[in-house]
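> One structure, pasted below without further comment.
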Protein chains: 2
Amino acid sequence: MALIYVSAWSDADIWRAEVAKHLPGETLRVWPDVGNVDEIDVALVWKPPHGSLATLPALKLIVNMGVGVDSLLQDPNLPRHVPLVRLVDPLMTEQMTEYVVLGVLAGFRKLLDYRALQAEGRWVEIDRDVAPPSERVVGILGQGELGTDAARKFLALGYKVAGWSRSPKHILGVESFHGQDRLHAFLGRCDAVVCLLPLTPETRGIVNARTIAAMKKGAWFVNGARGGQVVDADLLAALDSGHLSGAFLDVFNEEPLPPSHPYWRHPKVIATPHIAALTLPSMSERIMDAVKRYKAGKPLINVVDLERGY
Amino acid sequence: MALIYVSAWSDADIWRAEVAKHLPGETLRVWPDVGNVDEIDVALVWKPPHGSLATLPALKLIVNMGVGVDSLLQDPNLPRHVPLVRLVDPLMTEQMTEYVVLGVLAGFRKLLDYRALQAEGRWVEIDRDVAPPSERVVGILGQGELGTDAARKFLALGYKVAGWSRSPKHILGVESFHGQDRLHAFLGRCDAVVCLLPLTPETRGIVNARTIAAMKKGAWFVNGARGGQVVDADLLAALDSGHLSGAFLDVFNEEPLPPSHPYWRHPKVIATPHIAALTLPSMSERIMDAVKRYKAGKPLINVVDLERGY
């Protein structure tokens, strides 16, 4: 049997080396050089072209080399009978939390304003009344692996933390909200709102004119999840009206973000090119572990519930 | 007996209100309207004009409304027989840690580079090999109240943490170094170096060509302490040569930073106007507590050792 790497990205060499290291005797084929498709039982994938996985009839395991499987689930020909495992690597979680901590603190400490003053060489204290961390509420949309880690670390930094999730979750020290009914109550509590939700039909466009209106005036928004959760026109309107103080965005409805998109040059937006959490070669152990578990007939970890979408 | 507020700053009204609230029956005189100087036994001070305290013969207590007393100790006519208490408020410590976490993370996640790309509307991942927090070492110069809090919070965020101090300090989980002999060994360990030292004759100019050369190539420097600890020409040279990747600076040898200073427009510098940790009215409880302790004859807390300088 054989492994294949299926991705629109051209980083196969890295993973070929990792397979050689962790799975001695195995070699990694690289899409579209499939060879005999009846031999291929495992696919390591990252944003595989739609339809590609359907051409592999002997597939027994799909390993998604990232946390989010939304792109994969949009493939109408995804072989839905094949177990799909997603990468939930602690190093990736660490990276994401680092990113959203940076994102929130940049807002709380008015970095955009101070950078604008710096560009003009002006020494002006614009925030004599800065609230210390223990007087601020950081809200986390999503309380899965990523949201839980972020919540715990914001707590450790001394913030009050509120969390919202689809189903009830309890994290020690976090004020927890769940369900659509409680979304507005949650949003109204937060000085910063961090999106770490999976992108599913339920969460698509969840950051829209109505939910933004439920946020505190002057709140700061950070998105480390997926661009599809945001209605861009509504977010831009809230930034322009001053209802939100700014946004720190890593993900967008269209990626790469088109050069003409208003986010690029908006004075209240910090935009980064989907770099919050990257799948690194050092994470290959978890990826290869999924393959080993399959081969040994052991239970798989982090299997995606296709109905739920994560 | 009477209280006086002595400061070059014009925020006396705030403190007058706080005195009325916390010390009923007391009123706060405001320098230079001293009235009968023989009545004044307590001075609340923030950067008092040099010589001002020497004109108060009945002084029994000086309360510095901030952590750093370096400016005060430079007054050649400081009444050195009067106990000097400095404000070590947990809210101020929280603010400082928030600032230096922002400062370090901005460096680690290459915020200046991404902002430059954003200004050009360019979607470029410049750091595919970003090291996750657990593979980075944050070094803290100074292991007092501020340094200890920062060290603990960087640990909570998942970084490796090293600390350097004059005398031996032990913080659980922190790789501790102390004394001049170990300074270079410490600096060589760190991916980011955060200065939270008091400014004393020993620490003046401690960030200079020799110590910067001992830092890792590509290290990032954050200063939340005092500008006097940095030899500006040496830091600028290290930024220009690429030995350091950048600096996040809140404090400067001359404040306000003169409009022509190269830090303002240096592409590798983020400069803020001494706003990392501000004395807020909400901290008045600690300030007034010092006065109450004096009046009740109780032991004072956070008395400055004038020889040591903090």
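Labels for the structure tokens follow display order: chains A, B, ..., residues from 1 in each chain, ligands from 1.
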Dump as a ChimeraX atom specification the residues of chain B that approach chain A to within 8 Å, counting only C-alpha atoms.
/B:91-92,94-95,98-99,101-102,105-106,109,114-115,118-125,128-130,132-134,153,156-158,256-257,259-260,264-265,270-275,278,280
> Which residues are near A:Lys47? Cut-off 9 Å, only C-alpha atoms, ignore same chain within fewer than 3 positions. Put them as JSON, numbers by chain.
{"A": [6, 7, 8, 9, 50, 64, 65, 69, 71, 72]}
> Based on the selection just made, write N, CA and C atoms of those residues as an mmCIF file, in the first residue's frame.

data_model
loop_
_atom_site.group_PDB
_atom_site.id
_atom_site.type_symbol
_atom_site.label_atom_id
_atom_site.label_comp_id
_atom_site.auth_asym_id
_atom_site.auth_seq_id
_atom_site.Cartn_x
_atom_site.Cartn_y
_atom_site.Cartn_z
ATOM 1 N N VAL A 6 -1.313 15.214 -1.429
ATOM 2 C CA VAL A 6 -2.189 15.896 -2.381
ATOM 3 C C VAL A 6 -2.379 17.337 -1.925
ATOM 4 N N SER A 7 -1.847 18.257 -2.689
ATOM 5 C CA SER A 7 -1.959 19.659 -2.312
ATOM 6 C C SER A 7 -1.732 20.540 -3.517
ATOM 7 N N ALA A 8 -2.388 21.694 -3.488
ATOM 8 C CA ALA A 8 -2.115 22.682 -4.534
ATOM 9 C C ALA A 8 -0.787 23.382 -4.238
ATOM 10 N N TRP A 9 -0.226 23.134 -3.037
ATOM 11 C CA TRP A 9 1.024 23.774 -2.645
ATOM 12 C C TRP A 9 2.200 22.914 -3.098
ATOM 13 N N HIS A 50 -10.184 20.131 -5.602
ATOM 14 C CA HIS A 50 -11.486 19.458 -5.521
ATOM 15 C C HIS A 50 -11.534 18.327 -6.542
ATOM 16 N N ASN A 64 -5.526 15.598 7.240
ATOM 17 C CA ASN A 64 -5.475 17.013 6.884
ATOM 18 C C ASN A 64 -4.357 17.674 7.679
ATOM 19 N N MET A 65 -3.388 18.265 6.974
ATOM 20 C CA MET A 65 -2.200 18.781 7.645
ATOM 21 C C MET A 65 -2.401 20.199 8.168
ATOM 22 N N VAL A 69 -10.663 22.212 8.308
ATOM 23 C CA VAL A 69 -10.978 21.299 7.205
ATOM 24 C C VAL A 69 -12.052 21.881 6.288
ATOM 25 N N SER A 71 -12.005 23.933 3.754
ATOM 26 C CA SER A 71 -11.715 23.886 2.320
ATOM 27 C C SER A 71 -11.965 22.478 1.785
ATOM 28 N N LEU A 72 -11.534 21.487 2.553
ATOM 29 C CA LEU A 72 -11.716 20.085 2.170
ATOM 30 C C LEU A 72 -13.200 19.722 2.100
#
> Any chance you could list, as a ChimeraX atom specification, the residues in stretch 191-234 of chain A that come up alpha helix (DSSP H) when DSSP is run on the backbone?
/A:209-214,232-234
> Which residues, written as a PyMOL selection string, have at least one atom at most 10 Å from A:Pro267, with only C-alpha atoms counted and residues fewer than 5 positions away on the same chain left out?
chain A and resi 112-113+116+239-240+246-247+262
> Could you save the residues just selected, with all heavy atoms, as a PDB file, in the first residue's frame?

ATOM      1  N   LEU A 112      -1.620  51.012  16.607  1.00  0.00           N
ATOM      2  CA  LEU A 112      -1.797  51.730  15.338  1.00  0.00           C
ATOM      3  C   LEU A 112      -1.715  53.241  15.553  1.00  0.00           C
ATOM      4  O   LEU A 112      -1.106  53.953  14.755  1.00  0.00           O
ATOM      5  CB  LEU A 112      -3.139  51.365  14.698  1.00  0.00           C
ATOM      6  CG  LEU A 112      -3.196  50.002  14.006  1.00  0.00           C
ATOM      7  CD1 LEU A 112      -4.634  49.698  13.569  1.00  0.00           C
ATOM      8  CD2 LEU A 112      -2.259  49.967  12.804  1.00  0.00           C
ATOM      9  N   ASP A 113      -2.317  53.712  16.643  1.00  0.00           N
ATOM     10  CA  ASP A 113      -2.274  55.151  16.918  1.00  0.00           C
ATOM     11  C   ASP A 113      -0.845  55.607  17.221  1.00  0.00           C
ATOM     12  O   ASP A 113      -0.400  56.644  16.739  1.00  0.00           O
ATOM     13  CB  ASP A 113      -3.190  55.483  18.099  1.00  0.00           C
ATOM     14  CG  ASP A 113      -4.609  55.020  17.855  1.00  0.00           C
ATOM     15  OD1 ASP A 113      -5.329  55.718  17.131  1.00  0.00           O
ATOM     16  OD2 ASP A 113      -4.986  53.956  18.362  1.00  0.00           O
ATOM     17  N   ALA A 116       1.213  55.737  14.121  1.00  0.00           N
ATOM     18  CA  ALA A 116       0.904  56.912  13.299  1.00  0.00           C
ATOM     19  C   ALA A 116       1.618  58.145  13.874  1.00  0.00           C
ATOM     20  O   ALA A 116       2.193  58.951  13.133  1.00  0.00           O
ATOM     21  CB  ALA A 116      -0.605  57.127  13.235  1.00  0.00           C
ATOM     22  N   LEU A 239     -15.745  49.756  11.345  1.00  0.00           N
ATOM     23  CA  LEU A 239     -14.462  50.433  11.555  1.00  0.00           C
ATOM     24  C   LEU A 239     -14.588  51.905  11.163  1.00  0.00           C
ATOM     25  O   LEU A 239     -14.087  52.791  11.853  1.00  0.00           O
ATOM     26  CB  LEU A 239     -13.364  49.757  10.722  1.00  0.00           C
ATOM     27  CG  LEU A 239     -12.998  48.319  11.128  1.00  0.00           C
ATOM     28  CD1 LEU A 239     -12.076  47.690  10.083  1.00  0.00           C
ATOM     29  CD2 LEU A 239     -12.339  48.293  12.506  1.00  0.00           C
ATOM     30  N   ASP A 240     -15.279  52.143  10.060  1.00  0.00           N
ATOM     31  CA  ASP A 240     -15.411  53.520   9.575  1.00  0.00           C
ATOM     32  C   ASP A 240     -16.295  54.360  10.493  1.00  0.00           C
ATOM     33  O   ASP A 240     -16.058  55.552  10.679  1.00  0.00           O
ATOM     34  CB  ASP A 240     -15.968  53.527   8.145  1.00  0.00           C
ATOM     35  CG  ASP A 240     -14.934  53.009   7.142  1.00  0.00           C
ATOM     36  OD1 ASP A 240     -13.725  53.081   7.463  1.00  0.00           O
ATOM     37  OD2 ASP A 240     -15.339  52.523   6.073  1.00  0.00           O
ATOM     38  N   GLY A 246     -10.725  48.818  15.847  1.00  0.00           N
ATOM     39  CA  GLY A 246      -9.800  48.306  14.855  1.00  0.00           C
ATOM     40  C   GLY A 246      -9.889  46.802  14.743  1.00  0.00           C
ATOM     41  O   GLY A 246     -10.676  46.156  15.457  1.00  0.00           O
ATOM     42  N   ALA A 247      -9.099  46.256  13.827  1.00  0.00           N
ATOM     43  CA  ALA A 247      -9.127  44.808  13.602  1.00  0.00           C
ATOM     44  C   ALA A 247      -7.736  44.314  13.222  1.00  0.00           C
ATOM     45  O   ALA A 247      -6.981  45.025  12.543  1.00  0.00           O
ATOM     46  CB  ALA A 247     -10.114  44.456  12.494  1.00  0.00           C
ATOM     47  N   PRO A 262      -9.861  46.988   0.423  1.00  0.00           N
ATOM     48  CA  PRO A 262      -9.706  48.095   1.374  1.00  0.00           C
ATOM     49  C   PRO A 262      -8.982  47.716   2.679  1.00  0.00           C
ATOM     50  O   PRO A 262      -8.411  48.589   3.334  1.00  0.00           O
ATOM     51  CB  PRO A 262     -11.144  48.552   1.673  1.00  0.00           C
ATOM     52  CG  PRO A 262     -12.051  47.581   0.999  1.00  0.00           C
ATOM     53  CD  PRO A 262     -11.262  46.799   0.009  1.00  0.00           C
TER      54      PRO A 262
END
> For atom CA of A:Glu202 and atom CA of A:Arg189, quote the distance in Å rounded to one decimal.
22.0 Å
> Leaving out A:Asp70 and any residue of its chain fewer than 4 positions from it, which residues lie within 9 Å of it when counting only C-alpha atoms, given as a count of residues only?
7
